[in-house]
file structure04.txt (compact mmCIF, C-alpha atoms)
# COMPACT_ATOMS: atom_id res chain seq x y z
CA MET A 1 -6.45 -4.87 -24.14
CA THR A 2 -5.40 -5.59 -20.58
CA VAL A 3 -4.68 -2.46 -18.54
CA ALA A 4 -1.63 -2.75 -16.29
CA GLN A 5 -2.30 -2.33 -12.60
CA PRO A 6 -0.77 0.87 -11.17
CA ARG A 7 2.32 0.30 -9.09
CA SER A 8 2.70 1.51 -5.52
CA LEU A 9 4.88 4.62 -5.28
CA PHE A 10 6.22 3.42 -1.93
CA ARG A 11 7.26 0.04 -3.33
CA THR A 12 8.71 1.55 -6.49
CA THR A 13 10.69 4.15 -4.55
CA PHE A 14 11.77 1.57 -1.98
CA ARG A 15 13.00 -0.89 -4.62
CA THR A 16 14.81 1.82 -6.59
CA VAL A 17 16.57 3.34 -3.60
CA PHE A 18 17.35 -0.07 -2.09
CA SER A 19 18.81 -1.38 -5.36
CA LEU A 20 20.99 1.70 -5.86
CA LEU A 21 22.22 1.68 -2.27
CA LEU A 22 22.94 -2.04 -2.38
CA VAL A 23 24.87 -1.71 -5.64
CA PHE A 24 26.80 1.21 -4.14
CA GLN A 25 27.62 -0.82 -1.03
CA LEU A 26 28.76 -3.80 -3.09
CA ILE A 27 30.94 -1.59 -5.28
CA LEU A 28 32.39 0.03 -2.14
CA ILE A 29 33.14 -3.38 -0.61
CA ALA A 30 34.67 -4.67 -3.85
CA THR A 31 36.92 -1.63 -4.32
CA THR A 32 37.99 -1.73 -0.67
CA VAL A 33 38.89 -5.41 -0.95
CA TYR A 34 40.71 -4.97 -4.25
CA TYR A 35 42.62 -1.77 -3.52
CA VAL A 36 43.17 -2.05 0.24
CA VAL A 37 42.61 -5.52 1.69
CA LEU A 38 44.30 -7.54 -1.07
CA PRO A 39 47.48 -5.39 -1.20
CA MET A 40 47.77 -5.61 2.58
CA ALA A 41 47.21 -9.38 2.44
CA HIS A 42 49.88 -9.77 -0.27
CA ARG A 43 52.34 -7.71 1.79
CA SER A 44 51.56 -9.67 4.94
CA ALA A 45 51.95 -13.03 3.16
CA ASP A 46 55.27 -11.96 1.63
CA ASP A 47 56.61 -10.78 5.01
CA LEU A 48 55.52 -14.03 6.65
CA ALA A 49 57.10 -16.11 3.87
CA ALA A 50 60.37 -14.20 4.25
CA LEU A 51 60.33 -14.75 8.02
CA LEU A 52 59.63 -18.49 7.65
CA ILE A 53 62.43 -18.98 5.11
CA GLN A 54 64.90 -16.88 7.10
CA SER A 55 64.08 -18.79 10.30
CA ALA A 56 64.60 -22.17 8.61
CA ARG A 57 67.91 -21.13 7.02
CA THR A 58 69.18 -19.57 10.26
CA TRP A 59 68.36 -22.77 12.19
CA VAL A 60 70.38 -24.86 9.67
CA GLU A 61 73.42 -22.56 9.98
CA LEU A 62 73.45 -22.57 13.79
CA PRO A 63 75.64 -25.01 15.77
CA PRO A 64 73.60 -28.02 16.99
CA GLU A 65 74.02 -27.06 20.67
CA THR A 66 72.37 -23.64 20.13
CA ARG A 67 69.43 -24.79 18.01
CA LYS A 68 67.19 -25.63 21.00
CA ASP A 69 67.53 -22.09 22.30
CA PHE A 70 66.71 -20.75 18.84
CA GLU A 71 63.63 -22.97 18.57
CA LEU A 72 62.47 -21.71 21.98
CA GLU A 73 63.01 -18.11 20.89
CA LEU A 74 60.99 -18.73 17.68
CA MET A 75 58.10 -20.08 19.74
CA GLN A 76 58.14 -17.21 22.20
CA GLN A 77 58.66 -14.41 19.68
CA HIS A 78 56.79 -15.65 16.59
CA GLN A 79 54.79 -18.73 17.65
CA PHE A 80 56.81 -20.87 15.22
CA LEU A 81 57.45 -24.62 15.59
CA LEU A 82 60.42 -26.09 13.67
CA PHE A 83 61.21 -29.76 12.90
CA ASP A 84 64.17 -31.40 11.15
CA ASP A 85 63.92 -34.28 8.61
CA ALA A 86 60.15 -34.39 8.86
CA THR A 87 58.10 -36.73 6.67
CA PRO A 88 56.21 -34.74 4.00
CA LEU A 89 52.55 -34.00 4.84
CA PRO A 90 49.63 -34.73 2.48
CA PRO A 91 48.46 -31.89 0.18
CA ARG A 92 46.11 -29.25 1.52
CA SER A 93 42.44 -29.61 0.56
CA ALA A 94 40.80 -26.70 2.42
CA PRO A 95 40.42 -23.57 0.20
CA LEU A 96 41.84 -20.68 2.27
CA PRO A 97 42.58 -17.47 0.32
CA TYR A 98 45.37 -16.29 2.60
CA LEU A 99 47.24 -19.61 2.32
CA GLN A 100 47.13 -19.30 -1.45
CA LEU A 101 48.82 -15.91 -1.15
CA LEU A 102 51.40 -17.47 1.21
CA ASP A 103 51.99 -20.31 -1.29
CA ASP A 104 52.71 -17.77 -4.01
CA ALA A 105 55.08 -15.79 -1.78
CA LEU A 106 57.02 -18.92 -0.69
CA SER A 107 57.21 -20.24 -4.26
CA ALA A 108 58.55 -16.91 -5.50
CA ARG A 109 61.25 -16.72 -2.83
CA LEU A 110 62.28 -20.39 -3.05
CA ASP A 111 62.09 -20.61 -6.86
CA GLU A 112 60.14 -23.86 -6.58
CA PRO A 113 56.46 -24.77 -6.12
CA THR A 114 55.61 -24.73 -2.43
CA SER A 115 52.30 -25.41 -0.75
CA VAL A 116 51.43 -24.79 2.89
CA LYS A 117 49.99 -27.90 4.62
CA ILE A 118 47.42 -28.12 7.42
CA THR A 119 47.30 -30.29 10.54
CA ASP A 120 45.13 -30.18 13.62
CA LEU A 121 47.01 -30.39 16.89
CA ASP A 122 44.17 -29.44 19.24
CA THR A 123 44.09 -26.24 17.18
CA THR A 124 44.76 -25.81 13.48
CA TRP A 125 48.40 -25.39 12.43
CA PHE A 126 49.82 -24.30 9.08
CA TRP A 127 53.14 -25.82 7.92
CA ALA A 128 55.69 -24.78 5.32
CA GLU A 129 58.23 -27.40 4.13
CA ILE A 130 61.49 -25.70 3.20
CA ASN A 131 64.67 -27.30 1.82
CA ALA A 132 67.65 -25.66 3.52
CA GLY A 133 71.23 -26.96 3.84
CA GLY A 134 70.26 -30.37 2.42
CA LYS A 135 67.56 -30.83 5.05
CA LEU A 136 63.77 -30.78 4.85
CA ILE A 137 62.74 -28.26 7.46
CA ARG A 138 59.09 -28.08 8.50
CA ILE A 139 58.21 -24.82 10.16
CA GLY A 140 54.66 -23.93 11.20
CA PHE A 141 52.47 -21.50 13.11
CA PRO A 142 48.96 -21.72 14.64
CA ARG A 143 45.99 -20.29 12.86
CA ALA A 144 45.39 -17.95 15.79
CA ARG A 145 48.60 -16.10 14.86
CA LEU A 146 46.94 -14.59 11.78
CA HIS A 147 44.17 -12.90 13.80
CA THR A 148 41.98 -12.71 10.68
CA ALA A 149 38.63 -14.17 9.61
CA PRO A 150 38.05 -12.92 6.04
CA THR A 151 34.93 -15.03 5.45
CA LYS A 152 33.25 -13.69 8.57
CA MET A 153 34.35 -10.19 7.64
CA LEU A 154 32.73 -10.42 4.21
CA LEU A 155 29.51 -11.92 5.61
CA VAL A 156 29.21 -9.25 8.29
CA THR A 157 29.98 -6.50 5.78
CA LEU A 158 27.43 -7.80 3.28
CA LEU A 159 24.80 -8.21 5.99
CA ALA A 160 25.47 -4.70 7.29
CA ALA A 161 25.24 -3.31 3.73
CA LEU A 162 21.95 -5.14 3.16
CA LEU A 163 20.37 -3.96 6.42
CA LEU A 164 21.63 -0.40 5.99
CA SER A 165 20.30 -0.27 2.43
CA LEU A 166 16.92 -1.61 3.58
CA LEU A 167 16.70 0.95 6.39
CA VAL A 168 17.74 3.93 4.28
CA ALA A 169 15.44 2.89 1.41
CA TYR A 170 12.49 2.47 3.78
CA LEU A 171 13.06 5.85 5.44
CA MET A 172 13.46 7.67 2.13
CA ALA A 173 10.42 5.99 0.53
CA ARG A 174 8.32 6.69 3.62
CA ARG A 175 9.53 10.28 3.69
CA ILE A 176 8.34 10.75 0.10
CA THR A 177 5.08 8.77 0.15
CA ARG A 178 3.69 9.58 3.60
CA PRO A 179 2.71 13.18 2.73
CA LEU A 180 1.16 11.91 -0.52
CA ALA A 181 -0.95 9.45 1.47
CA HIS A 182 -2.26 12.40 3.51
CA PHE A 183 -3.20 14.19 0.30
CA VAL A 184 -5.01 11.08 -1.00
CA ARG A 185 -7.07 10.78 2.19
CA ALA A 186 -7.82 14.51 2.14
CA ALA A 187 -8.90 14.35 -1.52
CA GLN A 188 -11.20 11.42 -0.73
CA HIS A 189 -12.59 13.41 2.20
CA ILE A 190 -13.37 16.31 -0.11
CA GLY A 191 -14.89 13.94 -2.67
CA ASP A 192 -17.24 12.64 0.02
CA GLY A 193 -18.48 16.19 0.56
CA ALA A 194 -17.21 16.37 4.15
CA PRO A 195 -15.60 19.54 5.52
CA LEU A 196 -11.82 19.34 5.55
CA GLU A 197 -9.48 20.76 8.14
CA LYS A 198 -6.47 22.67 6.91
CA MET A 199 -3.57 20.42 5.90
CA PRO A 200 -0.49 20.93 8.13
CA ASP A 201 2.50 22.69 6.64
CA SER A 202 5.48 20.63 5.51
CA ASP A 203 9.18 21.34 6.03
CA ILE A 204 9.91 20.19 2.46
CA GLN A 205 9.71 23.04 -0.03
CA GLU A 206 7.85 21.14 -2.79
CA PHE A 207 5.34 19.61 -0.36
CA ALA A 208 4.86 22.98 1.35
CA ALA A 209 3.86 24.55 -1.99
CA LEU A 210 1.56 21.62 -2.74
CA THR A 211 -0.01 21.88 0.72
CA GLU A 212 -0.73 25.59 0.28
CA THR A 213 -2.31 24.99 -3.14
CA PHE A 214 -4.33 22.06 -1.81
CA ASN A 215 -5.66 24.08 1.13
CA GLN A 216 -6.75 26.86 -1.23
CA LEU A 217 -8.42 24.30 -3.51
CA SER A 218 -10.20 22.70 -0.56
CA GLN A 219 -11.51 26.06 0.60
CA ARG A 220 -12.80 26.88 -2.89
CA VAL A 221 -14.48 23.48 -3.25
CA SER A 222 -16.20 23.89 0.12
CA GLU A 223 -17.44 27.33 -0.88
CA LEU A 224 -18.68 26.05 -4.25
CA LEU A 225 -20.58 23.19 -2.61
CA ALA A 226 -22.16 25.52 -0.08
CA ASN A 227 -23.10 28.01 -2.81
CA ARG A 228 -24.54 25.21 -4.95
CA THR A 229 -26.77 23.97 -2.13
CA THR A 230 -27.90 27.49 -1.24
CA LEU A 231 -28.56 28.40 -4.89
CA LEU A 232 -30.45 25.15 -5.48
CA ALA A 233 -32.68 25.69 -2.46
CA GLY A 234 -33.25 29.37 -3.27
CA ILE A 235 -34.20 28.86 -6.91
CA SER A 236 -36.47 25.92 -6.09
CA HIS A 237 -38.19 27.85 -3.33
CA ASP A 238 -38.64 31.00 -5.41
CA LEU A 239 -40.22 29.02 -8.26
CA ARG A 240 -43.05 27.89 -6.02
CA THR A 241 -44.68 31.35 -5.95
CA PRO A 242 -45.04 31.86 -9.75
CA LEU A 243 -46.19 28.26 -10.09
CA ALA A 244 -48.90 28.88 -7.52
CA ARG A 245 -50.05 31.94 -9.47
CA MET A 246 -50.04 29.91 -12.68
CA ARG A 247 -52.12 27.20 -11.02
CA LEU A 248 -54.62 29.79 -9.81
CA ALA A 249 -54.85 31.29 -13.31
CA VAL A 250 -55.45 27.84 -14.82
CA GLU A 251 -58.25 27.14 -12.38
CA MET A 252 -59.95 30.38 -13.45
CA LEU A 253 -60.02 29.45 -17.15
CA PRO A 254 -63.52 29.02 -18.65
CA GLU A 255 -65.03 25.58 -19.22
CA SER A 256 -64.38 25.90 -22.96
CA GLU A 257 -60.67 25.70 -22.23
CA HIS A 258 -61.05 22.59 -20.07
CA LYS A 259 -58.87 20.30 -22.22
CA GLN A 260 -56.04 22.86 -22.45
CA ALA A 261 -56.34 23.57 -18.71
CA ALA A 262 -55.91 19.88 -17.93
CA ARG A 263 -52.64 19.79 -19.88
CA LEU A 264 -51.43 22.90 -18.07
CA ARG A 265 -52.30 21.37 -14.70
CA ARG A 266 -50.24 18.27 -15.56
CA ASP A 267 -47.30 20.46 -16.59
CA ILE A 268 -47.55 22.46 -13.36
CA ASP A 269 -47.73 19.25 -11.33
CA ASP A 270 -44.63 17.91 -13.10
CA MET A 271 -42.80 21.15 -12.35
CA ASN A 272 -43.86 20.94 -8.70
CA VAL A 273 -42.51 17.40 -8.52
CA LEU A 274 -39.17 18.54 -9.94
CA ILE A 275 -38.99 21.48 -7.57
CA GLY A 276 -39.81 19.17 -4.68
CA GLU A 277 -36.95 16.88 -5.72
CA PHE A 278 -34.54 19.83 -5.82
CA LEU A 279 -35.64 21.08 -2.41
CA ALA A 280 -35.30 17.61 -0.91
CA LEU A 281 -31.84 17.26 -2.42
CA SER A 282 -30.70 20.62 -1.05
CA ARG A 283 -31.90 19.60 2.43
CA ASP A 284 -30.31 16.17 2.25
CA LEU A 285 -26.95 17.54 1.09
CA GLN A 286 -26.69 19.64 4.23
CA GLN A 287 -24.56 17.98 6.89
CA GLU A 288 -26.99 16.53 9.42
CA THR A 289 -25.76 14.91 12.63
CA GLN A 290 -24.86 11.23 12.49
CA LYS A 291 -26.91 8.92 14.70
CA LEU A 292 -27.15 5.22 15.43
CA GLN A 293 -29.90 3.86 13.21
CA SER A 294 -31.43 0.38 13.13
CA LEU A 295 -31.40 -0.72 9.51
CA HIS A 296 -34.28 -3.14 10.13
CA THR A 297 -36.46 -0.43 11.65
CA LEU A 298 -35.85 1.94 8.76
CA LEU A 299 -36.48 -0.68 6.09
CA GLN A 300 -39.55 -1.99 7.90
CA THR A 301 -41.03 1.53 8.01
CA LEU A 302 -40.45 2.03 4.28
CA VAL A 303 -41.91 -1.39 3.48
CA GLU A 304 -45.05 -0.81 5.54
CA ASP A 305 -45.59 2.61 3.97
CA ALA A 306 -45.30 1.08 0.50
CA ARG A 307 -47.62 -1.82 1.37
CA THR A 308 -50.36 0.62 2.40
CA HIS A 309 -50.37 1.75 -1.24
CA GLY A 310 -50.75 -1.81 -2.53
CA ALA A 311 -47.07 -2.62 -3.13
CA GLN A 312 -45.94 -6.27 -2.96
CA ILE A 313 -42.66 -6.50 -1.04
CA GLU A 314 -40.90 -9.50 0.48
CA TYR A 315 -38.50 -8.53 3.24
CA ALA A 316 -36.73 -10.11 6.22
CA ALA A 317 -33.72 -8.60 8.00
CA ASP A 318 -31.46 -8.95 11.01
CA ASP A 319 -32.65 -6.77 13.91
CA SER A 320 -29.10 -6.41 15.30
CA VAL A 321 -27.57 -4.33 12.48
CA GLN A 322 -26.88 -0.80 13.75
CA LEU A 323 -25.51 1.95 11.51
CA LEU A 324 -23.90 5.26 12.43
CA VAL A 325 -25.41 7.34 9.62
CA ARG A 326 -27.29 10.50 8.75
CA PRO A 327 -30.83 9.11 9.01
CA LEU A 328 -32.59 11.48 6.60
CA ALA A 329 -30.03 10.89 3.87
CA LEU A 330 -30.17 7.11 4.29
CA ARG A 331 -33.97 7.15 4.31
CA ARG A 332 -33.94 9.20 1.13
CA VAL A 333 -31.54 6.79 -0.63
CA LEU A 334 -33.47 3.65 0.36
CA SER A 335 -36.81 5.30 -0.45
CA ASN A 336 -35.64 6.27 -3.95
CA LEU A 337 -34.19 2.81 -4.67
CA LEU A 338 -37.32 1.06 -3.41
CA GLY A 339 -39.54 3.50 -5.31
CA ASN A 340 -37.67 2.81 -8.54
CA ALA A 341 -38.00 -0.95 -8.04
CA LEU A 342 -41.76 -0.65 -7.45
CA ARG A 343 -42.32 1.81 -10.30
CA TYR A 344 -40.43 -0.19 -12.91
CA GLY A 345 -40.97 -3.69 -11.52
CA ALA A 346 -43.81 -4.58 -13.90
CA GLY A 347 -46.17 -5.23 -10.99
CA GLN A 348 -44.07 -8.16 -9.72
CA PRO A 349 -43.12 -8.51 -6.02
CA VAL A 350 -39.98 -6.70 -4.96
CA HIS A 351 -37.47 -8.50 -2.71
CA ILE A 352 -35.26 -6.77 -0.13
CA GLU A 353 -32.20 -8.57 1.26
CA THR A 354 -29.54 -7.55 3.77
CA ALA A 355 -26.22 -9.29 4.31
CA ARG A 356 -23.07 -8.68 6.33
CA SER A 357 -19.78 -8.42 4.42
CA GLY A 358 -16.83 -7.87 6.76
CA GLN A 359 -17.24 -4.46 8.37
CA SER A 360 -20.04 -3.50 6.00
CA VAL A 361 -23.69 -4.37 5.44
CA VAL A 362 -25.13 -4.70 1.94
CA VAL A 363 -28.76 -3.93 1.12
CA ARG A 364 -30.08 -5.41 -2.12
CA ILE A 365 -33.41 -4.43 -3.66
CA LEU A 366 -34.43 -6.83 -6.44
CA ASP A 367 -37.20 -6.31 -8.98
CA ARG A 368 -38.52 -8.31 -11.95
CA GLY A 369 -38.97 -5.43 -14.35
CA PRO A 370 -37.68 -5.23 -17.93
CA GLY A 371 -34.20 -4.52 -16.62
CA ILE A 372 -31.57 -2.07 -17.79
CA PRO A 373 -29.12 -2.73 -20.66
CA PRO A 374 -25.58 -3.31 -19.33
CA GLN A 375 -24.22 -0.23 -21.10
CA GLU A 376 -26.86 1.93 -19.37
CA LEU A 377 -26.34 0.73 -15.78
CA ASP A 378 -24.04 3.60 -14.86
CA LYS A 379 -25.63 6.24 -17.10
CA VAL A 380 -28.98 6.10 -15.25
CA PHE A 381 -27.31 7.86 -12.30
CA ARG A 382 -26.99 11.01 -14.41
CA PRO A 383 -29.57 13.76 -13.80
CA PHE A 384 -32.61 13.53 -16.12
CA TYR A 385 -31.18 10.48 -17.91
CA ARG A 386 -33.78 7.84 -18.83
CA VAL A 387 -33.71 4.50 -20.56
CA GLU A 388 -36.50 4.96 -23.06
CA SER A 389 -37.62 1.32 -23.12
CA SER A 390 -38.54 1.30 -19.45
CA ARG A 391 -37.91 4.77 -18.01
CA SER A 392 -40.21 6.83 -20.18
CA ALA A 393 -42.09 9.87 -18.96
CA ASP A 394 -45.32 7.88 -18.90
CA THR A 395 -44.15 5.96 -15.85
CA GLY A 396 -43.98 9.19 -13.85
CA GLY A 397 -40.22 9.28 -13.22
CA SER A 398 -38.57 12.68 -12.93
CA GLY A 399 -35.11 11.48 -13.95
CA LEU A 400 -33.62 12.76 -10.68
CA GLY A 401 -34.19 9.83 -8.31
CA LEU A 402 -30.99 7.88 -9.00
CA ALA A 403 -28.98 11.10 -9.46
CA ILE A 404 -29.99 12.11 -5.94
CA VAL A 405 -29.07 8.63 -4.69
CA ARG A 406 -25.59 8.93 -6.20
CA GLN A 407 -25.10 12.44 -4.78
CA LEU A 408 -26.10 11.38 -1.26
CA CYS A 409 -24.02 8.21 -1.38
CA THR A 410 -20.96 10.17 -2.51
CA ALA A 411 -21.49 12.77 0.22
CA ASN A 412 -21.78 10.08 2.94
CA GLY A 413 -19.13 7.63 1.76
CA TRP A 414 -21.59 4.90 0.75
CA GLN A 415 -21.43 2.76 -2.37
CA VAL A 416 -24.35 2.21 -4.72
CA ALA A 417 -24.52 0.19 -7.91
CA LEU A 418 -27.06 -1.44 -10.23
CA HIS A 419 -26.70 -4.98 -11.59
CA ALA A 420 -28.70 -7.09 -14.02
CA ARG A 421 -30.69 -9.77 -12.22
CA GLU A 422 -30.52 -13.34 -13.46
CA GLY A 423 -33.86 -14.24 -15.02
CA GLY A 424 -34.74 -10.61 -15.70
CA GLY A 425 -34.95 -7.46 -13.64
CA THR A 426 -32.52 -5.25 -11.77
CA ILE A 427 -30.62 -5.44 -8.47
CA ALA A 428 -29.96 -2.16 -6.65
CA GLU A 429 -27.07 -2.71 -4.23
CA LEU A 430 -26.20 -0.30 -1.41
CA LYS A 431 -23.09 -0.87 0.75
CA LEU A 432 -22.91 0.80 4.17
CA ALA A 433 -20.29 0.74 6.92
CA VAL A 434 -21.37 -0.92 10.18
CA SER A 435 -21.08 1.32 13.25
CA GLU A 436 -18.16 0.90 15.68
CA PRO A 437 -20.24 -0.62 18.52
CA GLU A 438 -21.64 -3.20 16.10
CA GLN A 439 -18.16 -4.07 14.82
CA ARG A 440 -16.97 -4.93 18.32
CA GLN A 441 -19.74 -7.45 18.88
CA PRO A 442 -18.59 -11.08 18.59
call {"tool": "encode", "arguments": {"input": "structure04.txt", "output": "C-alpha cells"}}
result
Amino acid sequence: MTVAQPRSLFRTTFRTVFSLLLVFQLILIATTVYYVVLPMAHRSADDLAALLIQSARTWVELPPETRKDFELELMQQHQFLLFDDATPLPPRSAPLPYLQLLDDALSARLDEPTSVKITDLDTTWFWAEINAGGKLIRIGFPRARLHTAPTKMLLVTLLAALLLSLLVAYLMARRITRPLAHFVRAAQHIGDGAPLEKMPDSDIQEFAALTETFNQLSQRVSELLANRTTLLAGISHDLRTPLARMRLAVEMLPESEHKQAARLRRDIDDMNVLIGEFLALSRDLQQETQKLQSLHTLLQTLVEDARTHGAQIEYAADDSVQLLVRPLALRRVLSNLLGNALRYGAGQPVHIETARSGQSVVVRILDRGPGIPPQELDKVFRPFYRVESSRSADTGGSGLGLAIVRQLCTANGWQVALHAREGGGTIAELKLAVSEPEQRQP
C-alpha cells in the first residue's frame, strides 16, 4: 500500500487561508456591486434618460429662432449635442453594461424599444434617437461625461483582493509555522546529542506553553545523556578490578584444573573486551572539540595499521577532502566499519572508496563476505544483535561495534547505512558533511 507523502503545514495553512480570504473578497465585491453599484447605475441611467428625453422635447417645443441658444446651453451645461431629422445610425455592437441600463431606461420612458448608438468623432460619442413632435431627434454626449470605467474598476478590485489575500495568507501561515520550524531544528539538535540553548519565549500563549515544556524536556534529556555516559564509564571502570582479581585467581589454579582455567580465561577476556567497548563508547560520546581533519590521512593510517596485521585492502582517495569533525569519534566509526569488513569478509580483499556528493563526502567500505539478509540490514545496528549465519560468537564479534557506530553517527549528525553488494558481500556507507573552507573551493 502506497503511503501518502506528508503535506507541508505552511502550504496547507497558506492555501486554506488564501482560499477563504479570496472567497470572502469575491463575495464582498459581488454584494457591493449588486446592492450598491447596480442600484446607483440604474438610478444614474434613469436620470440621464429623463434628461435626454426632456431636452429633445423642449427643443421641439421652442420657437426656431431660440433653438440655437438652447443647443448652446445644452452643450455648455450638459455636454449634449442635438440634431434634427438625422439619418438613423447602425445598431450598436460593443457590449457596454451602462448603455444597456440606459437602453432600458429610455425604452421604459418612451414606451418603445430604444437603443443607444455609438460613433467616434475624435472621441467616442453615445447617441439616443428620440421621436418628438413628428421629428427624429438625435441627442448625444461624449463618453468622458460618464466619468466611469467599470471594467477597470473590477480588474483593479480583483487584483487588489488577490494580492491582499496572498499577503495575509502568507503572513498568517508564516506566523504559525515559523515557531514550529524552530522546534523541529531544536528537536533535531537534541537528537544529534548536541547541547541545546534555551528556546526563546513566544508572545503567543500556546507557543509560550509549548516553549516552556520543550525547554524542560531538553534539560531533562541533556541530564539523562550525561548521567548515562557517566554511569556507563563508572560501571565499566569498576568492573575492571574484580575481573583482575578473578584473572589472578584463575592463574593460581592447579594444573589439574587447566582445561577449566582455559575456559575461564576466555570468559574473562571476552568480558574485558566488552568493558573496553563500553569505556571507549563513553569516551567517544563526550563532546570533543571539532577540528579540520584530512579524510585521506585518517583512512590511510587505518589502512596501514590493518595491513601490518596481514589485511588485504585496496584504497585510493582524494587528498583535498577536509572535514570539520571530532577526530576521535570519526576514527572510531571508520575503524569499526573497516574492522567489520575485514572480520566478516571471508578473507577477500576489502575496497575503500570516497566520493563527493554535493556538500557531502561519502565513504564506502566494500567486502566480499557472505553478506547480510535485507531484513537484517538495519537490525545489526542494535546492541548485541548478531546475524547467526555470519556474525556468530566464533568470529570474535562483541555485538557492539555497529551499535557504537550508530550512536556516534547520531551524536555527530552523520549518516551510516549498510547495503547488499552486487555479486555478494556488504557495502558500509558513511556520509559526512564537507567543512566550510572545502565547500568554498571551486
call {"tool": "closest_residue", "arguments": {"input": "structure04.txt", "among": "A:Ala30, A:Ile372, A:Leu102, A:Val23", "to": "Asp46 in chain A", "atoms": "all atoms listed in the file"}}
result
A:Leu102
call {"tool": "atom_distance", "arguments": {"input": "structure04.txt", "atom1": "CA of Asn412 in chain A", "atom2": "CA of Arg185 in chain A"}}
result
14.7 Å
call {"tool": "closest_residue", "arguments": {"input": "structure04.txt", "among": "A:Leu22, A:Leu162, A:Val250, A:Leu62", "to": "Arg263 in chain A", "atoms": "all atoms listed in the file"}}
result
A:Val250
call {"tool": "residues_around", "arguments": {"input": "structure04.txt", "residues": "Leu337 in chain A", "least_positions_apart": "3", "cutoff": "8 Å", "atoms": "all atoms listed in the file", "output": "ChimeraX atom specification"}}
result
/A:333-334,340-341,365,401-402,405,428
call {"tool": "residues_around", "arguments": {"input": "structure04.txt", "residues": "Gly423 in chain A", "least_positions_apart": "2", "cutoff": "10 Å", "atoms": "all atoms listed in the file", "output": "PyMOL selection string"}}
result
chain A and resi 368+371+420-421+425-426
call {"tool": "closest_residue", "arguments": {"input": "structure04.txt", "among": "A:Thr32, A:Val363, A:Ala144, A:Thr124", "to": "Val321 in chain A", "atoms": "only C-alpha atoms"}}
result
A:Val363
call {"tool": "residues_around", "arguments": {"input": "structure04.txt", "residues": "Phe141 in chain A", "least_positions_apart": "3", "cutoff": "9 Å", "atoms": "all atoms listed in the file", "output": "VMD selection string"}}
result
chain A and resid 75 78 to 81 124 to 127 144 to 146
call {"tool": "closest_residue", "arguments": {"input": "structure04.txt", "among": "A:Arg57, A:Lys152, A:Arg382, A:His42", "to": "Leu99 in chain A", "atoms": "all atoms listed in the file"}}
result
A:His42
call {"tool": "closest_residue", "arguments": {"input": "structure04.txt", "among": "A:Thr211, A:Gln54, A:Ala41, A:Thr66", "to": "Thr148 in chain A", "atoms": "only C-alpha atoms"}}
result
A:Ala41
call {"tool": "closest_residue", "arguments": {"input": "structure04.txt", "among": "A:Arg178, A:His419, A:Arg67, A:Lys291", "to": "Pro374 in chain A", "atoms": "all atoms listed in the file"}}
result
A:His419
call {"tool": "atom_distance", "arguments": {"input": "structure04.txt", "atom1": "CA of Gln415 in chain A", "atom2": "CA of Leu430 in chain A"}}
result
5.7 Å
call {"tool": "residues_near_point", "arguments": {"input": "structure04.txt", "point": "(-34.6, 1.4, 10.9)", "cutoff": "10 Å", "atoms": "all atoms listed in the file", "output": "PyMOL selection string"}}
result
chain A and resi 292-302+319+321-323+327+330-331
call {"tool": "write_last_selection", "arguments": {"input": "structure04.txt", "atoms": "C-alpha atoms", "output": "PDB file, in the frame of the given file"}}
result
ATOM      1  CA  LEU A 292     -27.150   5.220  15.430  1.00  0.00           C
ATOM      2  CA  GLN A 293     -29.900   3.860  13.210  1.00  0.00           C
ATOM      3  CA  SER A 294     -31.430   0.380  13.130  1.00  0.00           C
ATOM      4  CA  LEU A 295     -31.400  -0.720   9.510  1.00  0.00           C
ATOM      5  CA  HIS A 296     -34.280  -3.140  10.130  1.00  0.00           C
ATOM      6  CA  THR A 297     -36.460  -0.430  11.650  1.00  0.00           C
ATOM      7  CA  LEU A 298     -35.850   1.940   8.760  1.00  0.00           C
ATOM      8  CA  LEU A 299     -36.480  -0.680   6.090  1.00  0.00           C
ATOM      9  CA  GLN A 300     -39.550  -1.990   7.900  1.00  0.00           C
ATOM     10  CA  THR A 301     -41.030   1.530   8.010  1.00  0.00           C
ATOM     11  CA  LEU A 302     -40.450   2.030   4.280  1.00  0.00           C
ATOM     12  CA  ASP A 319     -32.650  -6.770  13.910  1.00  0.00           C
ATOM     13  CA  VAL A 321     -27.570  -4.330  12.480  1.00  0.00           C
ATOM     14  CA  GLN A 322     -26.880  -0.800  13.750  1.00  0.00           C
ATOM     15  CA  LEU A 323     -25.510   1.950  11.510  1.00  0.00           C
ATOM     16  CA  PRO A 327     -30.830   9.110   9.010  1.00  0.00           C
ATOM     17  CA  LEU A 330     -30.170   7.110   4.290  1.00  0.00           C
ATOM     18  CA  ARG A 331     -33.970   7.150   4.310  1.00  0.00           C
TER      19      ARG A 331
END
call {"tool": "atom_distance", "arguments": {"input": "structure04.txt", "atom1": "CA of Trp59 in chain A", "atom2": "CA of Phe83 in chain A"}}
result
10.0 Å
call {"tool": "residues_near_point", "arguments": {"input": "structure04.txt", "point": "(68.6, -22.4, 8.1)", "cutoff": "12 Å", "atoms": "only C-alpha atoms", "output": "short mmCIF file (atom, residue, chain, number, x, y, z; two decimals) with C-alpha atoms, keeping the file's coordinate frame"}}
result
data_model
loop_
_atom_site.label_atom_id
_atom_site.label_comp_id
_atom_site.auth_asym_id
_atom_site.auth_seq_id
_atom_site.Cartn_x
_atom_site.Cartn_y
_atom_site.Cartn_z
CA LEU A 51 60.33 -14.75 8.02
CA LEU A 52 59.63 -18.49 7.65
CA ILE A 53 62.43 -18.98 5.11
CA GLN A 54 64.90 -16.88 7.10
CA SER A 55 64.08 -18.79 10.30
CA ALA A 56 64.60 -22.17 8.61
CA ARG A 57 67.91 -21.13 7.02
CA THR A 58 69.18 -19.57 10.26
CA TRP A 59 68.36 -22.77 12.19
CA VAL A 60 70.38 -24.86 9.67
CA GLU A 61 73.42 -22.56 9.98
CA LEU A 62 73.45 -22.57 13.79
CA PRO A 63 75.64 -25.01 15.77
CA PRO A 64 73.60 -28.02 16.99
CA ARG A 67 69.43 -24.79 18.01
CA PHE A 70 66.71 -20.75 18.84
CA GLU A 71 63.63 -22.97 18.57
CA LEU A 82 60.42 -26.09 13.67
CA PHE A 83 61.21 -29.76 12.90
CA ASP A 84 64.17 -31.40 11.15
CA ILE A 130 61.49 -25.70 3.20
CA ASN A 131 64.67 -27.30 1.82
CA ALA A 132 67.65 -25.66 3.52
CA GLY A 133 71.23 -26.96 3.84
CA GLY A 134 70.26 -30.37 2.42
CA LYS A 135 67.56 -30.83 5.05
CA LEU A 136 63.77 -30.78 4.85
CA ILE A 137 62.74 -28.26 7.46
CA ARG A 138 59.09 -28.08 8.50
CA ILE A 139 58.21 -24.82 10.16
#
